[in-house]
$ cat run.tsv   # TSV, C-alpha atoms and all ligand atoms
chain	number	residue	atom	x	y	z
A	1	MET	CA	68.64	205.91	121.68
A	2	MET	CA	67.83	203.93	124.78
A	3	LYS	CA	68.54	200.26	125.26
A	4	MET	CA	65.78	198.00	123.98
A	5	GLN	CA	65.18	194.34	124.84
A	6	ARG	CA	64.22	192.08	121.95
A	7	ASN	CA	61.99	189.13	122.66
A	8	LYS	CA	61.22	186.18	120.42
A	9	ALA	CA	59.59	186.69	117.04
A	10	PRO	CA	55.78	186.56	117.12
A	11	GLN	CA	54.28	183.32	115.90
A	12	TYR	CA	52.50	184.80	112.85
A	13	LEU	CA	55.85	186.05	111.60
A	14	LYS	CA	57.68	182.79	112.28
A	15	ASP	CA	54.97	180.85	110.50
A	16	ASN	CA	55.06	182.98	107.36
A	17	GLN	CA	58.54	184.45	107.17
A	18	ALA	CA	59.98	181.96	104.69
A	19	LYS	CA	56.95	182.06	102.40
A	20	TRP	CA	56.53	185.82	102.38
A	21	THR	CA	60.24	186.38	101.90
A	22	GLN	CA	60.33	184.03	98.93
A	23	GLU	CA	57.31	185.73	97.37
A	24	TYR	CA	59.01	189.09	97.77
A	25	LEU	CA	62.25	187.81	96.26
A	26	ASN	CA	60.36	186.31	93.35
A	27	LYS	CA	58.92	189.70	92.48
A	28	LYS	CA	62.26	191.31	91.91
A	29	PRO	CA	61.82	193.51	88.87
A	30	LYS	CA	63.91	192.75	85.82
A	31	PRO	CA	66.71	195.23	85.24
A	32	GLU	CA	65.16	196.42	81.98
A	33	SER	CA	61.81	197.35	83.54
A	34	LYS	CA	61.65	201.10	83.81
A	35	ASN	CA	58.71	201.41	86.18
A	36	LYS	CA	59.77	199.38	89.14
A	37	PRO	CA	56.62	198.19	90.89
A	38	SER	CA	56.34	198.53	94.62
A	39	SER	CA	56.02	194.84	95.33
A	40	PHE	CA	56.48	194.87	99.07
A	41	TYR	CA	53.50	194.44	101.33
A	42	TRP	CA	52.90	193.28	104.88
A	43	HIS	CA	50.29	190.60	104.24
A	44	GLY	CA	47.85	192.25	106.64
A	45	VAL	CA	50.07	192.05	109.73
A	46	TYR	CA	51.34	195.62	109.72
A	47	ASP	CA	49.23	196.87	112.63
A	48	GLN	CA	49.91	193.83	114.78
A	49	LEU	CA	53.60	193.94	114.00
A	50	LEU	CA	53.85	197.60	114.87
A	51	THR	CA	52.05	196.95	118.15
A	52	ASP	CA	54.45	194.12	118.96
A	53	LEU	CA	57.49	196.21	118.07
A	54	LYS	CA	56.30	199.16	120.13
A	55	LYS	CA	56.09	196.92	123.17
A	56	LEU	CA	59.86	196.46	122.91
A	57	SER	CA	60.60	200.18	122.93
A	58	GLY	CA	58.06	201.40	125.46
A	59	LYS	CA	56.02	202.96	122.63
A	60	ARG	CA	58.94	205.12	121.56
A	61	CYS	CA	60.80	205.55	118.34
A	62	ALA	CA	63.65	203.09	118.85
A	63	PHE	CA	66.16	205.64	117.59
A	64	CYS	CA	65.22	209.20	118.67
A	65	ASP	CA	63.08	208.15	121.69
A	66	ARG	CA	60.20	210.27	120.57
A	67	PRO	CA	56.92	209.01	122.04
A	68	MET	CA	54.78	207.45	119.36
A	69	SER	CA	51.18	208.47	119.05
A	70	PRO	CA	48.86	206.01	117.40
A	71	ILE	CA	47.17	208.41	115.01
A	72	GLY	CA	46.96	206.30	111.90
A	73	ASP	CA	50.05	204.97	110.23
A	74	THR	CA	51.61	208.35	109.68
A	75	GLU	CA	52.93	208.84	113.20
A	76	GLU	CA	54.74	205.54	113.49
A	77	GLU	CA	56.38	203.25	111.04
A	78	ILE	CA	58.36	200.04	110.81
A	79	GLU	CA	62.03	200.36	110.06
A	80	HIS	CA	64.02	197.78	108.15
A	81	PHE	CA	67.39	198.27	109.83
A	82	LYS	CA	69.06	196.63	106.86
A	83	PRO	CA	67.09	198.00	103.89
A	84	LYS	CA	64.73	195.63	102.12
A	85	SER	CA	65.55	197.06	98.69
A	86	TYR	CA	66.32	194.39	96.11
A	87	ASN	CA	69.89	195.57	95.76
A	88	LYS	CA	70.44	195.51	99.53
A	89	TYR	CA	68.93	192.97	101.95
A	90	PRO	CA	65.60	191.75	100.54
A	91	GLU	CA	66.08	188.43	102.32
A	92	LEU	CA	65.65	190.28	105.63
A	93	ALA	CA	62.34	191.93	104.73
A	94	PHE	CA	60.39	189.81	107.25
A	95	GLU	CA	63.19	189.09	109.70
A	96	TRP	CA	62.01	190.02	113.20
A	97	THR	CA	65.46	191.16	114.40
A	98	ASN	CA	65.72	193.50	111.42
A	99	LEU	CA	62.54	195.39	112.31
A	100	TYR	CA	62.21	198.37	114.66
A	101	PRO	CA	59.47	200.83	115.56
A	102	ILE	CA	60.46	204.20	114.15
A	103	CYS	CA	59.01	207.69	113.82
A	104	PRO	CA	58.50	209.07	110.30
A	105	LYS	CA	61.19	211.74	110.76
A	106	CYS	CA	63.95	209.27	111.60
A	107	ASN	CA	62.75	206.93	108.87
A	108	LYS	CA	62.77	209.65	106.24
A	109	ILE	CA	66.23	210.89	107.17
A	110	LYS	CA	67.73	207.41	107.10
A	111	GLY	CA	65.96	206.33	103.93
A	112	SER	CA	67.44	203.17	102.50
A	113	ARG	CA	70.95	203.81	103.72
A	114	PHE	CA	72.90	201.32	105.76
A	115	SER	CA	76.29	201.12	107.37
A	116	ASP	CA	77.90	198.38	109.41
A	117	LEU	CA	78.79	201.11	111.89
A	118	LEU	CA	75.16	201.74	112.85
A	119	LEU	CA	74.31	200.90	116.44
A	120	ARG	CA	71.35	198.70	117.26
A	121	PRO	CA	69.40	199.64	120.38
A	122	ASP	CA	68.79	195.97	121.15
A	123	SER	CA	72.27	194.57	120.67
A	124	ASN	CA	73.68	192.81	123.73
A	125	ASN	CA	76.50	195.20	124.43
A	126	TYR	CA	74.64	198.41	123.63
A	127	GLY	CA	73.98	200.97	126.34
A	128	PHE	CA	73.28	204.68	125.86
A	129	ASP	CA	75.95	205.67	128.34
A	130	LYS	CA	78.62	203.68	126.57
A	131	TRP	CA	78.33	205.57	123.29
A	132	PHE	CA	76.58	208.86	124.06
A	133	TRP	CA	75.93	211.47	126.66
A	134	PHE	CA	73.23	214.06	126.77
A	135	ASN	CA	74.48	217.63	126.90
A	136	PRO	CA	71.86	219.63	128.81
A	137	PHE	CA	73.33	222.95	127.67
A	138	THR	CA	73.15	222.32	123.94
A	139	GLY	CA	70.37	219.69	123.96
A	140	GLU	CA	72.51	217.54	121.71
A	141	LEU	CA	73.65	213.96	122.02
A	142	ASP	CA	77.40	214.10	122.32
A	143	ILE	CA	79.74	211.25	121.58
A	144	LYS	CA	81.18	209.59	124.65
A	145	SER	CA	84.51	208.62	123.17
A	146	ASP	CA	86.94	211.45	122.57
A	147	ASN	CA	89.08	209.33	120.29
A	148	LYS	CA	87.87	210.10	116.79
A	149	LYS	CA	89.68	207.07	115.43
A	150	SER	CA	87.95	204.62	117.76
A	151	ILE	CA	85.22	202.35	116.48
A	152	GLU	CA	82.91	203.59	119.25
A	153	TYR	CA	83.32	207.17	118.08
A	154	LYS	CA	82.58	206.24	114.48
A	155	GLN	CA	79.56	204.15	115.44
A	156	ALA	CA	78.05	206.96	117.51
A	157	GLU	CA	78.78	209.52	114.81
A	158	LYS	CA	77.22	207.41	112.06
A	159	THR	CA	74.13	206.61	114.12
A	160	ILE	CA	73.52	210.28	114.94
A	161	GLU	CA	73.99	211.18	111.28
A	162	PHE	CA	71.83	208.44	109.72
A	163	TYR	CA	68.85	208.96	112.04
A	164	GLY	CA	69.25	212.72	112.45
A	165	LEU	CA	69.45	212.43	116.23
A	166	ASN	CA	70.60	216.01	116.64
A	167	ARG	CA	68.00	217.57	114.37
A	168	THR	CA	66.72	220.95	115.47
A	169	LYS	CA	63.37	219.88	116.87
A	170	LEU	CA	64.81	217.09	118.97
A	171	VAL	CA	67.52	219.34	120.31
A	172	GLU	CA	65.00	222.07	121.20
A	173	ARG	CA	62.75	219.57	122.90
A	174	ARG	CA	65.55	218.03	124.94
A	175	LYS	CA	66.68	221.48	126.07
A	176	PHE	CA	63.15	222.48	127.02
A	177	VAL	CA	62.51	219.36	129.07
A	178	SER	CA	65.94	219.48	130.63
A	179	LYS	CA	65.41	223.08	131.75
A	180	SER	CA	62.05	222.41	133.31
A	181	LYS	CA	63.46	219.40	135.09
A	182	THR	CA	66.48	221.21	136.49
A	183	LYS	CA	64.57	224.25	137.71
A	184	ASN	CA	64.21	222.96	141.24
A	185	LYS	CA	66.51	220.02	141.26
A	186	GLY	CA	69.90	221.39	140.30
A	187	PHE	CA	72.10	220.07	137.55
A	188	PHE	CA	70.73	217.30	135.42
A	189	GLY	CA	72.67	215.63	132.65
A	190	GLY	CA	73.85	212.41	131.21
A	191	VAL	CA	70.64	210.80	130.03
A	192	LEU	CA	67.80	211.90	127.82
A	193	PRO	CA	65.44	213.71	130.17
A	194	PHE	CA	62.34	213.38	128.02
A	195	ARG	CA	62.63	209.65	128.00
A	196	TYR	CA	61.48	209.48	131.59
A	197	ILE	CA	58.73	212.02	131.87
A	198	LYS	CA	55.20	211.96	130.67
A	199	ILE	CA	54.67	214.24	127.74
A	200	LYS	CA	51.27	215.47	126.71
A	201	LYS	CA	50.08	213.92	123.51
A	202	GLY	CA	50.95	215.98	120.51
A	203	ILE	CA	53.33	218.51	121.98
A	204	PHE	CA	56.45	216.52	121.32
A	205	HIS	CA	57.85	216.58	117.87
B	301	ZN	ZN	62.59	208.84	115.65
$ encode --input "run.tsv" --output "C-alpha cells"
Amino acid sequence: MMKMQRNKAPQYLKDNQAKWTQEYLNKKPKPESKNKPSSFYWHGVYDQLLTDLKKLSGKRCAFCDRPMSPIGDTEEEIEHFKPKSYNKYPELAFEWTNLYPICPKCNKIKGSRFSDLLLRPDSNNYGFDKWFWFNPFTGELDIKSDNKKSIEYKQAEKTIEFYGLNRTKLVERRKFVSKSKTKNKGFFGGVLPFRYIKIKKGIFH
C-alpha cells in the first residue's frame, strides 16, 4: 500500500454530493421490509469518478498496488472506505475522501467491514516504510513494528487482514518480480518491487 496524494474533490461531486446523499438516505428501507432494495447508484458518474480516483493512485489498486486494467467495470471498482451500508456510514456514500480505486479482489475480501485501525494510503502521516516492509524471501508484507501492543502494529495487522494483502497470488507475484529484479543487481528489499516496474497487461493478478 503505497502513499497516495489526495487532491480536491471534482466539481461534479461537490455540486451534487448533498443532493445525492440525501436521496440515498431517504431510500433507507424500513426494518420490516424483507427484500431490501439495492438503492445505491452513481448517478452516471461512475466512469468519470473511477478515472479521477485512478489518477491519485497511478492507476493502481490503492491497497494491494495491483495495476488496474480498464477492461470493463470488473477489473476495477470504487471502494467506500467507510461502508455506505445504511447501518454504517451512508452519509459518506458520495464523500470524495471516503472513495478509493480498488481491485475486485481487495474489495471482495474487505466487504462491508470497517475498523478505526485501518490505514488510509492518503492520510498525511502515512508512509509504507513506517508501517510495513517487503520481505523478498517470503513475498509477504511484514509489519515494521515488533511491538505487538503498539497501535502501529495493530493498524498494519488489521490493514493486511481486511484487504488480504498477503493473499497467495500477491505473495507469489511479489516473489517472482523480486527474484527477476535481484538476479543481476544483488539484494533487493524494503519496498514493493512490482510497484515500480512495468508489467505486461494481464499477467499480474
Ligand atoms: Zn487490490
$ residues_near_ligand --input "run.tsv" --ligand "ligand ZN 301 (chain B)" --cutoff "8 Å" --atoms "all atoms listed in the file" --output "list of chain:residue names"
A:Arg60, A:Cys61, A:Ala62, A:Phe63, A:Cys64, A:Asp65, A:Arg66, A:Ile102, A:Cys103, A:Pro104, A:Lys105, A:Cys106, A:Asn107, A:Tyr163, A:Leu165
$ closest_residue --input "run.tsv" --among "A:Trp96, A:Tyr86, A:Tyr46, A:Tyr126" --to "Pro31 in chain A" --atoms "all atoms listed in the file"
A:Tyr86
$ residues_around --input "run.tsv" --residues "Leu170 in chain A" --least-positions-apart "2" --cutoff "10 Å" --atoms "only C-alpha atoms" --output "list in words"
Cys64, Asp65, Arg66, Gly139, Glu140, Leu141, Gly164, Leu165, Asn166, Arg167, Thr168, Glu172, Arg173, Arg174, Lys175, Phe176, Phe204 and His205 of chain A
$ closest_residue --input "run.tsv" --among "A:Lys110, A:Lys28, A:Arg6, A:Lys19" --to "Phe162 in chain A" --atoms "all atoms listed in the file"
A:Lys110
$ closest_residue --input "run.tsv" --among "A:Arg120, A:Leu25, A:Phe94, A:Lys82" --to "Tyr12 in chain A" --atoms "all atoms listed in the file"
A:Phe94
$ closest_residue --input "run.tsv" --among "A:Glu161, A:Glu95, A:Asp142, A:Asp116" --to "Lys14 in chain A" --atoms "all atoms listed in the file"
A:Glu95
$ atom_distance --input "run.tsv" --atom1 "CA of Glu157 in chain A" --atom2 "CA of Phe132 in chain A"
9.5 Å
$ closest_residue --input "run.tsv" --among "A:Trp42, A:Phe128, A:Phe114, A:Tyr153" --to "Ala93 in chain A" --atoms "all atoms listed in the file"
A:Trp42
$ residues_near_point --input "run.tsv" --point "(79.8, 206.9, 111.9)" --cutoff "10 Å" --atoms "only C-alpha atoms" --output "ChimeraX atom specification"
/A:115-119,148,151-162
$ atom_distance --input "run.tsv" --atom1 "CA of Pro67 in chain A" --atom2 "CA of Lys88 in chain A"
29.5 Å
